[in-house]
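Visitor: Starting off with a structure, shown below.
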Amino acid sequence: MFQPWFTRPLWQRVAVGFALGILAGVLAGEQAAVWFKPLGDIYLNLVRMIVIPLVFFTITSSVAKLAEAGNVARLGLRTLFWFVATSAIAVLVGITFGHLIDPGLGLSNLPLGEVKSRTIPTPLEVLIGIVPTNPIKAMADTNVLQVLFFSGIVGAALVSLGEKTAGIRNLVDQGATLVFRITRWVLQLTPIGTFGLIAWVVGRYGLSSLLPLGKFIAAMYIACLFHIIVVYGGLLKLHGLKVGRFFRGAAPAMQMAFATSSSLATLPMSLRVAVEKLGVPQSYASFAVPLGANVKMDGCGAIYPAIASIFIAQYFGLDLTVTQYVLIGLTAVLGSLGTAGVPGTSIVMLTLTLSTAGLPLEGIGYIIAIDRVVDMMRTMTNVTGQVLVPVLVAKEEGVLDQALYDGAIETRAPARETVLVAAE
């Protein structure tokens with residue numbers, strides 16, 4: 001009875017869950033939180049359950065393979081270059097649409113929400129914090145950056161020891177295969193999780209609560225869509241890659257990011273589509289995608305601080321100087337790297353940007369009420385970039401599976417990757 005449902009592409013099943021979630025949220029109203037949110041919460045718990053095992057096994061295995069090939073440094077530098085370059089463009093997009101739409105003009109007496117104080121770590125504190133004092137605690141706390149660091153050290157040690165640890169390396173590869181099988185099962189529940197999360201958001205907010213900040217929400221959504229379609233699409237064109245094929249392949253991760261508002265929760269899906277649908281080698285994707293989930297934040301760390309800064313300046317009747325624009329740009333581009341792994345990245349980034357540009361921090365309280373609605377689009381932008389950059393780098397390095405990317409073959413065959421199991 002369920003076979004026709006599971007034979008459909010995952011993105012179509014997620015789209016159905018999304019549409020039904022909107023309908024259920026409209027009909028249920030405030031009761032959506034009681035009736036449907038538990039479905040989303042259970043799904044998110046399942047996804048978070050597999051994130052740390054996924055990161056540990058795949059990073060350890062991929063670092064060992066990349067180290068053997070001798071191209072870890074080159075791939076790492078290329079990846080970071082595109083992280084920074086696309087973030088810089090995202091800031092310009094945010095500033096441009098912030099002024100085209102002017103989200104803060106004509107507003108007054110907005111309700112002031114409660115904003116919790118945030119301690120912004122210094123770059124040195126962030127750097128020190130990447131190194132775990134207790135790897136097991138880092139795993140228990142879901143500190144992905146510390147797990148990344150530890151996994152990289154383990155992978156490098158396995159290469160250094162060579163045949164002495166052949167058994168452990170084989171065990172790590174088998175562990176990654178096991179985790180990906182569990183991941184496959186969990187991701188089949190994405191339509192149900194999407195239904196529950198979207199129904200709750202629609203029922204919780206409704207249209208009336210969004211109207212006072214409609215221009216701000218519109219500015220964020222339009223800027224993010226422009227960045228995804230025009231900027232990311234243009235980069236794909238420049239690399240000789242089919243734009244439509246990329247978005248079809250990345251669609252499940254983009255949909256999941258929109259529903260969950262979490263790059264970390266979307267990480268298993270992002271890794272899956274990068275490898276199985278877009279042809280990025282598993283050994284490289286397992287390194288680049290988890291790294292991007294922590295430091296690649298075009299939506300939260302670039303577009304959002306730029307538009308929010310303009311909104312707050314306009315609301316308080318302040319004129320931004322050229323120096324302030326430069327400070328906003330530099331903070332947004334470098335801030336994502338400097339606040340990697342810090343909870344609540346978007347608010348931390350906005351606090352950091354406002355402080356650097358000398359704008360009133362209390363302005364955050366005027367937009368905090370609709371943060372969840374804005375966060376959906378911010379996160380979708382983040383995740384799209386986190387999938388895009390590995391594709392671009394793989395193409396530049398000549399290791400992209402072009403036949404798989406172009407759709408000449410449906411999915412990566414198990415024999416061609418020692419870790420990933422074909423999803424469908």
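Letters for chains follow the order of the structure tokens (A, B, ...), residue numbers begin at 1 for each chain, and ligand numbers begin at 1 in the order shown.
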For Thr133 of chain A, please output as a list in words all residues within 12 Å (counting only C-alpha atoms; exclusion window: fewer than 4 positions along the same chain).
Guide: Ile128, Gly129, Lys137, Ala138, Met139, Asn143, Gln146, Val147, Phe149 and Phe150 of chain A
Visitor: Give me a file of those residues, with C-alpha atoms, as a compact mmCIF listing (two decimals), in the first residue's frame.
Guide:
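After the write, part.txt holds the following:
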# COMPACT_ATOMS: atom_id res chain seq x y z
CA ILE A 128 41.11 27.52 21.98
CA GLY A 129 37.56 26.18 22.25
CA LYS A 137 32.11 15.25 26.60
CA ALA A 138 32.34 17.11 23.28
CA MET A 139 30.28 14.33 21.71
CA ASN A 143 30.01 20.28 20.02
CA GLN A 146 35.46 19.84 18.74
CA VAL A 147 34.35 16.48 17.34
CA PHE A 149 39.00 18.42 15.41
CA PHE A 150 39.28 15.14 17.31
Visitor: List the spatial neighbours of Ala251 of chain A as a PyMOL selection string - criterion: any atom at most 7 Å away, only C-alpha atoms, same-chain residues fewer than 4 positions off excluded.
Guide: chain A and resi 11+247+255
Visitor: Write out as a ChimeraX atom specification the residues lying within 10 Å of segment 21-38 of chain A, counting only C-alpha atoms and excluding same-chain residues fewer than 6 positions away.
Guide: /A:15,44,191-207
Visitor: Next, write the just-selected residues to a file, as a tab-separated table (two decimals), in the first residue's frame, keeping N, CA, C and O atoms as the atom set.
Guide:
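Below is the file that was written, again-v7.tsv:
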chain	number	residue	atom	x	y	z
A	15	ALA	N	7.66	17.91	-0.08
A	15	ALA	CA	6.78	19.00	-0.54
A	15	ALA	C	5.33	18.72	-0.14
A	15	ALA	O	4.60	19.63	0.26
A	44	LEU	N	13.31	15.69	14.94
A	44	LEU	CA	14.55	16.41	15.20
A	44	LEU	C	15.45	15.65	16.16
A	44	LEU	O	16.68	15.61	16.01
A	191	PRO	N	9.34	13.76	5.51
A	191	PRO	CA	8.01	14.34	5.23
A	191	PRO	C	7.13	14.48	6.47
A	191	PRO	O	6.43	15.48	6.63
A	192	ILE	N	7.19	13.49	7.36
A	192	ILE	CA	6.39	13.55	8.59
A	192	ILE	C	6.92	14.65	9.51
A	192	ILE	O	6.15	15.44	10.08
A	193	GLY	N	8.23	14.72	9.67
A	193	GLY	CA	8.83	15.76	10.50
A	193	GLY	C	8.54	17.14	9.95
A	193	GLY	O	8.23	18.07	10.71
A	194	THR	N	8.62	17.30	8.63
A	194	THR	CA	8.31	18.59	8.00
A	194	THR	C	6.86	18.98	8.25
A	194	THR	O	6.56	20.14	8.57
A	195	PHE	N	5.96	18.02	8.12
A	195	PHE	CA	4.54	18.29	8.38
A	195	PHE	C	4.35	18.84	9.79
A	195	PHE	O	3.67	19.87	9.99
A	196	GLY	N	4.93	18.18	10.79
A	196	GLY	CA	4.75	18.61	12.17
A	196	GLY	C	5.34	19.98	12.44
A	196	GLY	O	4.71	20.82	13.10
A	197	LEU	N	6.54	20.24	11.92
A	197	LEU	CA	7.21	21.51	12.18
A	197	LEU	C	6.51	22.68	11.49
A	197	LEU	O	6.33	23.75	12.08
A	198	ILE	N	6.12	22.48	10.22
A	198	ILE	CA	5.47	23.57	9.49
A	198	ILE	C	4.08	23.85	10.05
A	198	ILE	O	3.67	25.01	10.17
A	199	ALA	N	3.34	22.80	10.42
A	199	ALA	CA	2.02	23.01	11.02
A	199	ALA	C	2.14	23.85	12.29
A	199	ALA	O	1.33	24.76	12.55
A	200	TRP	N	3.17	23.56	13.10
A	200	TRP	CA	3.37	24.32	14.35
A	200	TRP	C	3.70	25.77	14.06
A	200	TRP	O	3.15	26.69	14.68
A	201	VAL	N	4.61	26.03	13.11
A	201	VAL	CA	5.01	27.41	12.81
A	201	VAL	C	3.82	28.21	12.29
A	201	VAL	O	3.59	29.34	12.73
A	202	VAL	N	3.06	27.64	11.36
A	202	VAL	CA	1.91	28.35	10.79
A	202	VAL	C	0.86	28.61	11.87
A	202	VAL	O	0.31	29.71	11.98
A	203	GLY	N	0.57	27.60	12.70
A	203	GLY	CA	-0.40	27.78	13.77
A	203	GLY	C	0.06	28.76	14.83
A	203	GLY	O	-0.74	29.53	15.38
A	204	ARG	N	1.36	28.75	15.11
A	204	ARG	CA	1.92	29.61	16.18
A	204	ARG	C	1.90	31.09	15.79
A	204	ARG	O	1.56	31.96	16.58
A	205	TYR	N	2.27	31.40	14.56
A	205	TYR	CA	2.44	32.80	14.18
A	205	TYR	C	1.19	33.36	13.51
A	205	TYR	O	0.71	34.43	13.89
A	206	GLY	N	0.65	32.70	12.52
A	206	GLY	CA	-0.49	33.26	11.81
A	206	GLY	C	-0.10	34.51	11.05
A	206	GLY	O	1.00	35.04	11.19
A	207	LEU	N	-1.00	35.01	10.25
A	207	LEU	CA	-0.70	36.16	9.40
A	207	LEU	C	-0.66	37.46	10.18
A	207	LEU	O	0.18	38.33	9.94
Visitor: Select, from A:Met220, A:Ile364, A:Ala332, A:Ile409, the residue with the minimum atom-to-atom distance to Ile307 of chain A, counting only C-alpha atoms.
Guide: A:Met220
Visitor: To one decimal in Å, tell me the separation between atom CA of Val47 of chain A and atom CA of Ala257 of chain A.
Guide: 12.2 Å
Visitor: What's around Phe216 of chain A at 12 Å? Count only C-alpha atoms, leave out sequence neighbours fewer than 5 positions away in its own chain, and write the answer as a ChimeraX atom specification.
Guide: /A:94,97-107,210-211,221-223,304,306-312,314-315,366-368,370-371,373-374
